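Below is one structure, written out as structure tokens, with a few remarks after it.
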Amino acid sequence: MTRKDVTVELRARERVNAMLFFAALVLFIFNFALGPDREKLREVAPGLLWLAFLFTGMLGLGRSFQAERENECFEELLLTPGDRESIFFGKLAGNVLFMVTAEALILPLFGILYNLDIWAYLPALALVALLGTIGFSTLGTLLAAMTAHLRAREVMLPLLLFPLTVPVILGSVRATEAILAGQGLGEVSHWLKLLGGFDIVFLVVSPLAFEFVLEE
Amino acid sequence: MEARTVVSSAPWVSEEGRGRFRSSATTKAFGAAAVIVLATGLTLGLLVVPPDAVQGQVQRIMYLHVPSIVTAYLAFAVVFCFSILYLWKRELRFDAVAVSSAEIGVVLTGITLATGSIWGKSTWGVWWTWDARLTLTAILFTIYVGYLMLRTFAEEPQAAARYGAVLALIGFLDIPLNHMAVQWWRTLHQPSSILRPGGPSVAPVLLLPLGVMFLGLVLLYLYLLSERVRLERLRHQTADLRLKRGRRG
Amino acid sequence: MGSWAFIGLAYGVALVALLGYLLLLKRRLRSTQEELTALDRPVERRRG
């Protein structure tokens with residue numbers, strides 16, 4: 001499943017390019033919108049980073065079932081060998097892969113634009129990014145499937161996903177903030193536990209829920 | 001409204017006679033009881049009970065604000081239960097209760113937000129603060145408004161019911177996680193304002209109007225729920241009839 | 001704004017919201033009932 005998505009994408013390249021360009025744009029525009037005050041920018045930098053990650057992730061999620069929707073492949077999907085849960089995990093893996101790739105490219109750009117030493121804290125930042133991305137993508141994949149053939153789907157996906165992923169957003173930003181301020185992961189262990197807990201709960205529940213979503 | 005496919009669970013959908021147009025006696029009883037109890041509660045809360053030593057009279061808003069959010073939580077718990085029931089049994093009457101309860105829950109949550117904001121303005125001078133309680137209520141409101149919108153945009157009633165049920169499940173699981181996240185977020189900035197209806201900070205005598213108002217709102221909720229479910233049932237009957245008429249040509 | 005004005009505003013908003021919802025509900029009930037009755041009649045004629 002993942003392989004299929006990835007090969008389709010590598011051929012198309014649309015999605016990753018769009019995501020990256022959008023993320024870069026977001027980082028730039030924030031700089032203009034928030035003014036030249038270096039200190040202020042540093043304070044809000046972790047939030048800006050995650051805004052870039054999340055908007056980019058949102059774009060990717062919105063497209064993750066687009067191919068199926070456009071080509072009416074949902075029926076094909078249902079006939080694919082393997083149970084619905086594998087389909088879900090395949091889609092999820094694809095989404096996580098894309099989002100993480102985008103993040104890996106956004107992070108250095110972010111370090112440069114906002115003058116932050118990300119390299120010193122890379123492992124910790126990567127861990128937080130991974131936990132957050134998994135949480136966001138798990139619910140995101142489920143909701144993307146649900147909203148794929150709705151009217152006003154572009155608006156429904158963010159509207160549904162963002163309130164539900166507030167724990168992920170808060171946890172990721174707070175943890176990133178602490179890391180960039182030089183505090184160790186120990187300081188924010190409660191946030192990491194929340195992120196981990198969130199991930200586990202929805203990794204278990206979403207594939208089950210996905211079965212209900214795919215019924216026709 | 002074009003003809004849609006509706007799974008007819010026969011007793012729910014068909015019921016000859018005009019009986020189906022009238023609210024049942026139970027419903028009317030709920031309504032009457034609600035009015036009486038709420039009137040009592042309002043009298044107690046607004047007139048009988050003494051004002052707060054610190055906040056003065058405006059503390060009386062609590063007798064509306066707190067019962068309304070607790071009743072909203074009750075409504076959303078009902079949405080959760082009946083969503084599970086629907087996914088399990090696939091009977092439309094369960095889904096009818098779920099969507100009805102969600103609608104009323106959204107109204108109550110909206111009231112909680114408005115009264116919370118007004119209370120805040122009267123005590124702190126600002127219409128909004130990002131304190132834990134208000135923020136969580138706002139998130140809750142958004143989640144269930146999303147639920148209602150999702151159902152509206154789904155093309156078939158069964159898809160609407162199914163997607164809604166899934167979202168309700170996810171939402172309910174998400175709420176405790178939201179609570180933790182938002183409270184941890186706020187406790188760094190100010191003392192936590194954890195929702196504690198009738199907690200240690202409230203004097204015992206004030207629990208009475210609180211309890212009465214809560215009972216009154218629950219009765220009102222039950223009344224509104226019965227009427228809203230009746231509407232849903234009529235809608236299903238209409239859709240079913242339309243479908244049958246369509247077949248006959 | 002006086003204390004009682006705030007109290008009045010809060011309870012007033014709630015009253016308007018709840019009554020408004022109830023009235024809207026009644027209206028929806030009425031229109032669905034009309035729809036259902038309209039659909040019902042030709043069927044009854046056919047039977048009769």
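Labeling convention for the structure tokens: chains A, B, ... as they appear, residues from 1 per chain, ligands from 1 in order of appearance.
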
Could you pull out the alpha helix (DSSP H) residues of stretch 17-191 of chain A from DSSP and send them as a compact mmCIF listing (two decimals) with N, CA and C atoms, in the first residue's frame?
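So the final result, stored in states_33.txt, reads:
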```
# COMPACT_ATOMS: atom_id res chain seq x y z
N ASN A 17 6.59 18.71 -3.70
CA ASN A 17 7.00 20.06 -4.13
C ASN A 17 6.06 21.12 -3.62
N ALA A 18 4.76 20.85 -3.76
CA ALA A 18 3.78 21.83 -3.29
C ALA A 18 3.94 22.06 -1.81
N MET A 19 4.11 20.98 -1.07
CA MET A 19 4.24 21.09 0.37
C MET A 19 5.46 21.90 0.76
N LEU A 20 6.57 21.63 0.10
CA LEU A 20 7.80 22.33 0.46
C LEU A 20 7.72 23.81 0.13
N PHE A 21 7.20 24.09 -1.03
CA PHE A 21 7.11 25.48 -1.43
C PHE A 21 6.21 26.24 -0.47
N PHE A 22 5.11 25.59 -0.11
CA PHE A 22 4.19 26.22 0.81
C PHE A 22 4.84 26.48 2.16
N ALA A 23 5.58 25.50 2.65
CA ALA A 23 6.23 25.65 3.95
C ALA A 23 7.22 26.80 3.93
N ALA A 24 8.01 26.86 2.88
CA ALA A 24 8.99 27.94 2.78
C ALA A 24 8.28 29.29 2.78
N LEU A 25 7.20 29.32 2.03
CA LEU A 25 6.42 30.55 1.94
C LEU A 25 5.92 30.97 3.31
N VAL A 26 5.40 29.98 4.04
CA VAL A 26 4.88 30.26 5.37
C VAL A 26 5.96 30.86 6.26
N LEU A 27 7.13 30.25 6.26
CA LEU A 27 8.22 30.75 7.10
C LEU A 27 8.59 32.18 6.73
N PHE A 28 8.64 32.45 5.45
CA PHE A 28 8.96 33.80 5.01
C PHE A 28 7.92 34.80 5.47
N ILE A 29 6.68 34.46 5.18
CA ILE A 29 5.60 35.41 5.46
C ILE A 29 5.48 35.72 6.94
N PHE A 30 5.68 34.70 7.78
CA PHE A 30 5.64 34.95 9.21
C PHE A 30 6.64 36.02 9.59
N ASN A 31 7.80 35.96 8.96
CA ASN A 31 8.83 36.93 9.26
C ASN A 31 8.34 38.34 8.94
N PHE A 32 7.68 38.49 7.80
CA PHE A 32 7.17 39.80 7.42
C PHE A 32 6.03 40.21 8.33
N ALA A 33 5.18 39.25 8.62
CA ALA A 33 4.00 39.58 9.42
C ALA A 33 4.37 39.98 10.84
N LEU A 34 5.40 39.35 11.38
CA LEU A 34 5.70 39.58 12.79
C LEU A 34 6.75 40.65 13.03
N ARG A 38 14.07 40.73 16.64
CA ARG A 38 14.73 39.42 16.75
C ARG A 38 14.25 38.64 17.97
N GLU A 39 14.18 39.34 19.08
CA GLU A 39 13.82 38.66 20.33
C GLU A 39 12.41 38.09 20.28
N LYS A 40 11.52 38.90 19.76
CA LYS A 40 10.13 38.45 19.66
C LYS A 40 10.03 37.23 18.77
N LEU A 41 10.78 37.26 17.67
CA LEU A 41 10.74 36.14 16.74
C LEU A 41 11.27 34.87 17.40
N ARG A 42 12.32 35.01 18.16
CA ARG A 42 12.88 33.85 18.84
C ARG A 42 11.90 33.22 19.79
N GLU A 43 11.13 34.09 20.47
CA GLU A 43 10.16 33.58 21.44
C GLU A 43 9.10 32.74 20.76
N VAL A 44 8.65 33.23 19.61
CA VAL A 44 7.55 32.52 18.96
C VAL A 44 8.04 31.49 17.95
N ALA A 45 9.35 31.40 17.78
CA ALA A 45 9.89 30.52 16.74
C ALA A 45 9.38 29.07 16.80
N PRO A 46 9.37 28.43 17.96
CA PRO A 46 8.87 27.05 17.97
C PRO A 46 7.45 26.93 17.43
N GLY A 47 6.62 27.90 17.82
CA GLY A 47 5.25 27.90 17.32
C GLY A 47 5.21 28.05 15.82
N LEU A 48 6.06 28.94 15.30
CA LEU A 48 6.09 29.15 13.85
C LEU A 48 6.53 27.88 13.13
N LEU A 49 7.52 27.22 13.70
CA LEU A 49 7.99 25.99 13.08
C LEU A 49 6.86 24.99 12.95
N TRP A 50 6.12 24.84 14.05
CA TRP A 50 5.05 23.86 14.01
C TRP A 50 3.89 24.30 13.14
N LEU A 51 3.65 25.59 13.07
CA LEU A 51 2.64 26.07 12.13
C LEU A 51 3.01 25.66 10.71
N ALA A 52 4.30 25.85 10.39
CA ALA A 52 4.76 25.45 9.05
C ALA A 52 4.58 23.94 8.86
N PHE A 53 4.98 23.15 9.87
CA PHE A 53 4.82 21.70 9.78
C PHE A 53 3.36 21.33 9.58
N LEU A 54 2.49 21.94 10.39
CA LEU A 54 1.09 21.53 10.39
C LEU A 54 0.38 21.94 9.11
N PHE A 55 0.62 23.16 8.64
CA PHE A 55 -0.03 23.57 7.39
C PHE A 55 0.43 22.69 6.24
N THR A 56 1.73 22.38 6.25
CA THR A 56 2.25 21.50 5.22
C THR A 56 1.64 20.11 5.32
N GLY A 57 1.57 19.61 6.55
CA GLY A 57 0.97 18.30 6.75
C GLY A 57 -0.48 18.28 6.30
N MET A 58 -1.17 19.36 6.57
CA MET A 58 -2.56 19.51 6.18
C MET A 58 -2.70 19.38 4.67
N LEU A 59 -1.82 20.05 3.95
CA LEU A 59 -1.84 19.99 2.49
C LEU A 59 -1.66 18.55 2.02
N GLY A 60 -0.66 17.89 2.61
CA GLY A 60 -0.39 16.52 2.21
C GLY A 60 -1.55 15.60 2.50
N LEU A 61 -2.16 15.76 3.67
CA LEU A 61 -3.29 14.92 4.03
C LEU A 61 -4.45 15.12 3.08
N GLY A 62 -4.66 16.38 2.73
CA GLY A 62 -5.78 16.68 1.85
C GLY A 62 -5.67 15.95 0.53
N ARG A 63 -4.43 15.70 0.15
CA ARG A 63 -4.24 15.03 -1.14
C ARG A 63 -4.12 13.52 -1.02
N SER A 64 -4.11 13.02 0.21
CA SER A 64 -3.75 11.60 0.34
C SER A 64 -4.81 10.66 -0.20
N GLN A 66 -6.86 11.83 -2.60
CA GLN A 66 -7.33 12.52 -3.79
C GLN A 66 -7.31 11.61 -5.01
N ALA A 67 -6.25 10.85 -5.13
CA ALA A 67 -6.14 9.96 -6.29
C ALA A 67 -7.32 8.99 -6.31
N GLU A 68 -7.61 8.44 -5.12
CA GLU A 68 -8.72 7.50 -5.06
C GLU A 68 -10.03 8.16 -5.42
N ARG A 69 -10.18 9.38 -4.94
CA ARG A 69 -11.45 10.05 -5.16
C ARG A 69 -11.62 10.38 -6.63
N GLU A 70 -10.54 10.90 -7.22
CA GLU A 70 -10.66 11.32 -8.61
C GLU A 70 -10.87 10.17 -9.55
N PHE A 74 -11.98 4.06 -4.93
CA PHE A 74 -12.33 3.56 -3.60
C PHE A 74 -12.79 2.11 -3.65
N GLU A 75 -13.53 1.81 -4.73
CA GLU A 75 -14.00 0.42 -4.85
C GLU A 75 -12.82 -0.51 -5.03
N GLU A 76 -11.85 -0.07 -5.84
CA GLU A 76 -10.65 -0.88 -6.03
C GLU A 76 -9.96 -1.12 -4.72
N LEU A 77 -9.92 -0.06 -3.92
CA LEU A 77 -9.28 -0.13 -2.63
C LEU A 77 -9.91 -1.21 -1.77
N LEU A 78 -11.23 -1.29 -1.86
CA LEU A 78 -11.93 -2.25 -1.04
C LEU A 78 -11.66 -3.68 -1.48
N LEU A 79 -11.35 -3.81 -2.77
CA LEU A 79 -11.11 -5.15 -3.28
C LEU A 79 -9.68 -5.60 -3.08
N ARG A 84 -8.80 -4.06 5.88
CA ARG A 84 -8.87 -2.61 5.87
C ARG A 84 -7.80 -1.98 6.75
N GLU A 85 -7.45 -2.66 7.81
CA GLU A 85 -6.47 -2.07 8.72
C GLU A 85 -5.14 -1.87 8.03
N SER A 86 -4.76 -2.83 7.18
CA SER A 86 -3.48 -2.67 6.47
C SER A 86 -3.55 -1.50 5.51
N ILE A 87 -4.71 -1.32 4.91
CA ILE A 87 -4.88 -0.17 4.02
C ILE A 87 -4.63 1.11 4.80
N PHE A 88 -5.22 1.14 5.99
CA PHE A 88 -5.04 2.33 6.81
C PHE A 88 -3.57 2.57 7.13
N PHE A 89 -2.91 1.53 7.60
CA PHE A 89 -1.51 1.71 7.97
C PHE A 89 -0.64 2.05 6.78
N GLY A 90 -1.02 1.49 5.63
CA GLY A 90 -0.27 1.84 4.42
C GLY A 90 -0.39 3.31 4.12
N LYS A 91 -1.64 3.80 4.15
CA LYS A 91 -1.87 5.22 3.90
C LYS A 91 -1.17 6.07 4.96
N LEU A 92 -1.26 5.62 6.19
CA LEU A 92 -0.65 6.38 7.30
C LEU A 92 0.85 6.47 7.11
N ALA A 93 1.45 5.33 6.79
CA ALA A 93 2.90 5.32 6.61
C ALA A 93 3.29 6.30 5.51
N GLY A 94 2.51 6.28 4.44
CA GLY A 94 2.79 7.21 3.35
C GLY A 94 2.72 8.65 3.81
N ASN A 95 1.66 8.97 4.55
CA ASN A 95 1.49 10.34 5.02
C ASN A 95 2.60 10.76 5.97
N VAL A 96 2.95 9.85 6.88
CA VAL A 96 4.02 10.17 7.83
C VAL A 96 5.33 10.39 7.09
N LEU A 97 5.58 9.53 6.13
CA LEU A 97 6.82 9.64 5.36
C LEU A 97 6.92 11.00 4.68
N PHE A 98 5.84 11.38 4.04
CA PHE A 98 5.85 12.67 3.36
C PHE A 98 6.04 13.82 4.33
N MET A 99 5.29 13.77 5.42
CA MET A 99 5.37 14.88 6.36
C MET A 99 6.77 14.98 6.97
N VAL A 100 7.33 13.82 7.31
CA VAL A 100 8.67 13.82 7.90
C VAL A 100 9.71 14.32 6.90
N THR A 101 9.57 13.91 5.66
CA THR A 101 10.49 14.40 4.63
C THR A 101 10.41 15.92 4.53
N ALA A 102 9.18 16.40 4.48
CA ALA A 102 9.01 17.85 4.39
C ALA A 102 9.63 18.52 5.61
N GLU A 103 9.39 17.95 6.79
CA GLU A 103 9.93 18.55 8.02
C GLU A 103 11.45 18.57 7.99
N ALA A 104 12.03 17.48 7.48
CA ALA A 104 13.49 17.40 7.43
C ALA A 104 14.07 18.50 6.55
N LEU A 105 13.30 18.92 5.57
CA LEU A 105 13.79 19.99 4.69
C LEU A 105 13.44 21.36 5.24
N ILE A 106 12.31 21.45 5.96
CA ILE A 106 11.90 22.74 6.52
C ILE A 106 12.79 23.14 7.68
N LEU A 107 13.19 22.17 8.48
CA LEU A 107 13.92 22.49 9.71
C LEU A 107 15.22 23.26 9.47
N PRO A 108 16.06 22.82 8.57
CA PRO A 108 17.28 23.61 8.33
C PRO A 108 16.98 25.02 7.82
N LEU A 109 15.98 25.10 6.95
CA LEU A 109 15.58 26.41 6.43
C LEU A 109 15.15 27.32 7.58
N PHE A 110 14.41 26.73 8.49
CA PHE A 110 13.95 27.44 9.68
C PHE A 110 15.14 27.90 10.51
N GLY A 111 16.12 27.01 10.68
CA GLY A 111 17.30 27.35 11.46
C GLY A 111 18.03 28.55 10.85
N ILE A 112 18.08 28.56 9.55
CA ILE A 112 18.77 29.65 8.86
C ILE A 112 17.99 30.95 8.98
N LEU A 113 16.70 30.88 8.63
CA LEU A 113 15.90 32.11 8.60
C LEU A 113 15.77 32.76 9.97
N LEU A 122 19.45 18.33 17.43
CA LEU A 122 18.75 17.58 16.39
C LEU A 122 18.05 16.31 16.87
N PRO A 123 18.71 15.43 17.63
CA PRO A 123 18.01 14.19 18.04
C PRO A 123 16.72 14.46 18.81
N ALA A 124 16.81 15.39 19.77
CA ALA A 124 15.62 15.69 20.57
C ALA A 124 14.52 16.28 19.69
N LEU A 125 14.91 17.21 18.83
CA LEU A 125 13.92 17.82 17.93
C LEU A 125 13.29 16.78 17.03
N ALA A 126 14.13 15.85 16.56
CA ALA A 126 13.61 14.82 15.67
C ALA A 126 12.60 13.94 16.40
N LEU A 127 12.90 13.61 17.66
CA LEU A 127 11.98 12.78 18.43
C LEU A 127 10.63 13.46 18.58
N VAL A 128 10.67 14.70 18.99
CA VAL A 128 9.42 15.44 19.17
C VAL A 128 8.66 15.54 17.85
N ALA A 129 9.41 15.84 16.79
CA ALA A 129 8.76 15.97 15.49
C ALA A 129 8.10 14.66 15.08
N LEU A 130 8.78 13.56 15.35
CA LEU A 130 8.23 12.27 14.97
C LEU A 130 6.96 11.96 15.75
N LEU A 131 7.03 12.15 17.08
CA LEU A 131 5.84 11.89 17.91
C LEU A 131 4.65 12.74 17.46
N GLY A 132 4.93 14.02 17.24
CA GLY A 132 3.87 14.91 16.83
C GLY A 132 3.32 14.56 15.46
N THR A 133 4.22 14.25 14.54
CA THR A 133 3.80 13.92 13.19
C THR A 133 2.94 12.67 13.17
N ILE A 134 3.34 11.67 13.94
CA ILE A 134 2.55 10.44 13.98
C ILE A 134 1.14 10.72 14.51
N GLY A 135 1.06 11.48 15.60
CA GLY A 135 -0.25 11.79 16.16
C GLY A 135 -1.12 12.54 15.18
N PHE A 136 -0.54 13.56 14.58
CA PHE A 136 -1.29 14.39 13.62
C PHE A 136 -1.71 13.56 12.41
N SER A 137 -0.82 12.76 11.91
CA SER A 137 -1.11 11.99 10.69
C SER A 137 -2.09 10.86 10.94
N THR A 138 -2.07 10.28 12.14
CA THR A 138 -2.99 9.18 12.41
C THR A 138 -4.44 9.66 12.32
N LEU A 139 -4.75 10.68 13.10
CA LEU A 139 -6.10 11.23 13.00
C LEU A 139 -6.33 11.84 11.63
N GLY A 140 -5.29 12.43 11.08
CA GLY A 140 -5.41 13.08 9.78
C GLY A 140 -5.77 12.10 8.68
N THR A 141 -5.15 10.94 8.68
CA THR A 141 -5.45 9.95 7.65
C THR A 141 -6.89 9.49 7.77
N LEU A 142 -7.33 9.24 8.99
CA LEU A 142 -8.71 8.81 9.20
C LEU A 142 -9.69 9.87 8.71
N LEU A 143 -9.44 11.11 9.11
CA LEU A 143 -10.37 12.18 8.74
C LEU A 143 -10.28 12.51 7.25
N ALA A 144 -9.11 12.34 6.68
CA ALA A 144 -8.97 12.59 5.23
C ALA A 144 -9.83 11.60 4.45
N ALA A 145 -9.82 10.34 4.91
CA ALA A 145 -10.66 9.34 4.26
C ALA A 145 -12.13 9.70 4.40
N MET A 146 -12.49 10.20 5.57
CA MET A 146 -13.89 10.54 5.83
C MET A 146 -14.34 11.71 4.99
N THR A 147 -13.49 12.70 4.85
CA THR A 147 -13.90 13.91 4.16
C THR A 147 -13.65 13.86 2.66
N ARG A 153 -14.81 19.70 1.13
CA ARG A 153 -13.83 18.89 1.85
C ARG A 153 -12.60 19.68 2.26
N GLU A 154 -12.21 20.67 1.48
CA GLU A 154 -11.00 21.41 1.83
C GLU A 154 -11.14 22.12 3.15
N VAL A 155 -12.35 22.50 3.45
CA VAL A 155 -12.57 23.21 4.70
C VAL A 155 -12.87 22.23 5.84
N MET A 156 -13.53 21.13 5.51
CA MET A 156 -13.94 20.20 6.56
C MET A 156 -12.74 19.51 7.20
N LEU A 157 -11.75 19.16 6.42
CA LEU A 157 -10.61 18.45 7.01
C LEU A 157 -9.91 19.26 8.10
N PRO A 158 -9.50 20.52 7.80
CA PRO A 158 -8.89 21.30 8.87
C PRO A 158 -9.85 21.56 10.03
N LEU A 159 -11.11 21.85 9.71
CA LEU A 159 -12.08 22.15 10.75
C LEU A 159 -12.22 21.00 11.73
N LEU A 160 -12.21 19.78 11.22
CA LEU A 160 -12.33 18.63 12.09
C LEU A 160 -11.01 18.28 12.75
N LEU A 161 -9.93 18.37 12.01
CA LEU A 161 -8.65 17.87 12.52
C LEU A 161 -8.03 18.76 13.58
N PHE A 162 -8.05 20.07 13.38
CA PHE A 162 -7.32 20.93 14.32
C PHE A 162 -7.81 20.89 15.76
N PRO A 163 -9.11 21.00 16.02
CA PRO A 163 -9.52 20.93 17.43
C PRO A 163 -9.14 19.60 18.06
N LEU A 164 -9.22 18.52 17.27
CA LEU A 164 -8.91 17.21 17.83
C LEU A 164 -7.43 17.03 18.10
N VAL A 166 -5.33 19.37 19.16
CA VAL A 166 -4.78 20.37 20.07
C VAL A 166 -3.73 19.79 21.03
N PRO A 167 -3.95 18.60 21.59
CA PRO A 167 -2.92 18.03 22.46
C PRO A 167 -1.60 17.86 21.73
N VAL A 168 -1.66 17.43 20.48
CA VAL A 168 -0.43 17.25 19.70
C VAL A 168 0.25 18.59 19.48
N ILE A 169 -0.54 19.57 19.10
CA ILE A 169 0.02 20.89 18.81
C ILE A 169 0.67 21.48 20.05
N LEU A 170 -0.08 21.48 21.15
CA LEU A 170 0.46 22.03 22.38
C LEU A 170 1.71 21.29 22.82
N GLY A 171 1.62 19.97 22.83
CA GLY A 171 2.74 19.17 23.29
C GLY A 171 3.99 19.39 22.44
N SER A 172 3.83 19.35 21.13
CA SER A 172 4.97 19.49 20.24
C SER A 172 5.62 20.86 20.38
N VAL A 173 4.79 21.89 20.41
CA VAL A 173 5.35 23.24 20.49
C VAL A 173 6.07 23.46 21.82
N ARG A 174 5.41 23.07 22.91
CA ARG A 174 6.05 23.25 24.23
C ARG A 174 7.36 22.50 24.32
N ALA A 175 7.37 21.26 23.82
CA ALA A 175 8.58 20.46 23.90
C ALA A 175 9.68 21.08 23.04
N THR A 176 9.33 21.48 21.83
CA THR A 176 10.31 22.11 20.94
C THR A 176 10.86 23.37 21.57
N GLU A 177 9.97 24.13 22.17
CA GLU A 177 10.39 25.37 22.83
C GLU A 177 11.43 25.09 23.91
N ALA A 178 11.14 24.07 24.72
CA ALA A 178 12.07 23.74 25.80
C ALA A 178 13.41 23.28 25.25
N ILE A 179 13.34 22.48 24.19
CA ILE A 179 14.58 21.97 23.61
C ILE A 179 15.43 23.11 23.06
N LEU A 180 14.82 24.00 22.31
CA LEU A 180 15.57 25.10 21.71
C LEU A 180 16.09 26.07 22.75
N SER A 189 9.13 15.94 30.02
CA SER A 189 8.74 14.53 29.92
C SER A 189 7.23 14.36 29.95
N HIS A 190 6.52 15.26 30.67
CA HIS A 190 5.06 15.09 30.71
C HIS A 190 4.44 15.34 29.34
N TRP A 191 5.01 16.32 28.61
CA TRP A 191 4.50 16.55 27.27
C TRP A 191 4.80 15.37 26.36
```

Report task. At a cut-off of 8 Å, list the chain B residues touching chain A, using only C-alpha atoms, as a VMD selection string. Result -> chain B and resid 139 to 140 142 to 143 146 to 147 150 153 to 155 162 to 163 166 170 to 171 174 177 to 178 180 to 182 185

Report task. Would you give me, as a PyMOL selection string, the residues of chain B that come within 7 Å of chain C, using only C-alpha atoms? Result -> chain B and resi 21+57-58+61+111+115+118+122+228+231+234-235+238

Mind writing the picked residues with N, CA and C atoms as an mmCIF file, in the first residue's frame?
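Now in selection_37.cif:
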```
data_model
loop_
_atom_site.group_PDB
_atom_site.id
_atom_site.type_symbol
_atom_site.label_atom_id
_atom_site.label_comp_id
_atom_site.auth_asym_id
_atom_site.auth_seq_id
_atom_site.Cartn_x
_atom_site.Cartn_y
_atom_site.Cartn_z
ATOM 1 N N PHE B 21 -47.757 12.595 15.169
ATOM 2 C CA PHE B 21 -47.563 14.036 15.074
ATOM 3 C C PHE B 21 -47.560 14.717 16.437
ATOM 4 N N GLN B 57 -22.434 40.321 43.354
ATOM 5 C CA GLN B 57 -23.624 39.734 42.744
ATOM 6 C C GLN B 57 -23.307 38.893 41.502
ATOM 7 N N VAL B 58 -22.301 39.326 40.719
ATOM 8 C CA VAL B 58 -22.084 38.650 39.426
ATOM 9 C C VAL B 58 -21.752 37.176 39.560
ATOM 10 N N ILE B 61 -23.929 34.349 38.153
ATOM 11 C CA ILE B 61 -23.894 33.800 36.800
ATOM 12 C C ILE B 61 -23.472 32.330 36.838
ATOM 13 N N ILE B 111 -23.993 28.398 25.146
ATOM 14 C CA ILE B 111 -24.439 29.174 26.309
ATOM 15 C C ILE B 111 -23.335 29.235 27.353
ATOM 16 N N THR B 115 -21.901 32.757 28.611
ATOM 17 C CA THR B 115 -22.000 33.148 30.019
ATOM 18 C C THR B 115 -20.619 33.230 30.657
ATOM 19 N N ILE B 118 -19.193 36.538 29.535
ATOM 20 C CA ILE B 118 -19.843 37.661 30.238
ATOM 21 C C ILE B 118 -19.379 37.725 31.685
ATOM 22 N N SER B 122 -17.274 40.736 33.550
ATOM 23 C CA SER B 122 -17.729 41.412 34.758
ATOM 24 C C SER B 122 -16.719 41.316 35.889
ATOM 25 N N ARG B 228 -36.656 16.674 19.530
ATOM 26 C CA ARG B 228 -35.717 16.630 18.408
ATOM 27 C C ARG B 228 -35.666 15.234 17.806
ATOM 28 N N LEU B 231 -38.602 14.805 15.663
ATOM 29 C CA LEU B 231 -38.367 15.427 14.359
ATOM 30 C C LEU B 231 -37.580 14.491 13.450
ATOM 31 N N LEU B 234 -39.735 11.755 12.176
ATOM 32 C CA LEU B 234 -40.618 12.227 11.110
ATOM 33 C C LEU B 234 -39.855 12.370 9.805
ATOM 34 N N ARG B 235 -38.622 12.851 9.917
ATOM 35 C CA ARG B 235 -37.818 12.994 8.709
ATOM 36 C C ARG B 235 -37.547 11.652 8.061
ATOM 37 N N THR B 238 -40.631 10.478 6.385
ATOM 38 C CA THR B 238 -40.846 11.205 5.135
ATOM 39 C C THR B 238 -39.955 10.652 4.035
#
```

Requested in this report: Write out as an MDAnalysis selection string each polymer residue whose atoms come within 9 Å of stretch 123-138 of chain B, counting only C-alpha atoms; drop sequence neighbours fewer than 5 positions from it.
Outcome: chainID B and resid 55 58:59 69 109:110 112:113 116:118 143 175 178:179 182:187 190 192:195

Tell me, as a compact mmCIF listing (two decimals) with C-alpha atoms, in the first residue's frame, which residues lie within 8 Å of B:Gly31, counting only C-alpha atoms; anything in the same chain fewer than 2 positions away does not count.
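File written: part.txt
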```
# COMPACT_ATOMS: atom_id res chain seq x y z
CA THR B 27 -42.24 14.72 26.64
CA LYS B 28 -44.76 17.27 27.87
CA ALA B 29 -44.10 16.17 31.43
CA ALA B 33 -41.09 19.85 35.07
CA ALA B 34 -38.22 21.73 33.47
CA VAL B 35 -40.07 25.01 33.70
CA LEU B 219 -35.09 18.11 32.43
CA LEU B 220 -35.02 20.75 29.73
CA TYR B 223 -37.64 17.65 26.78
```
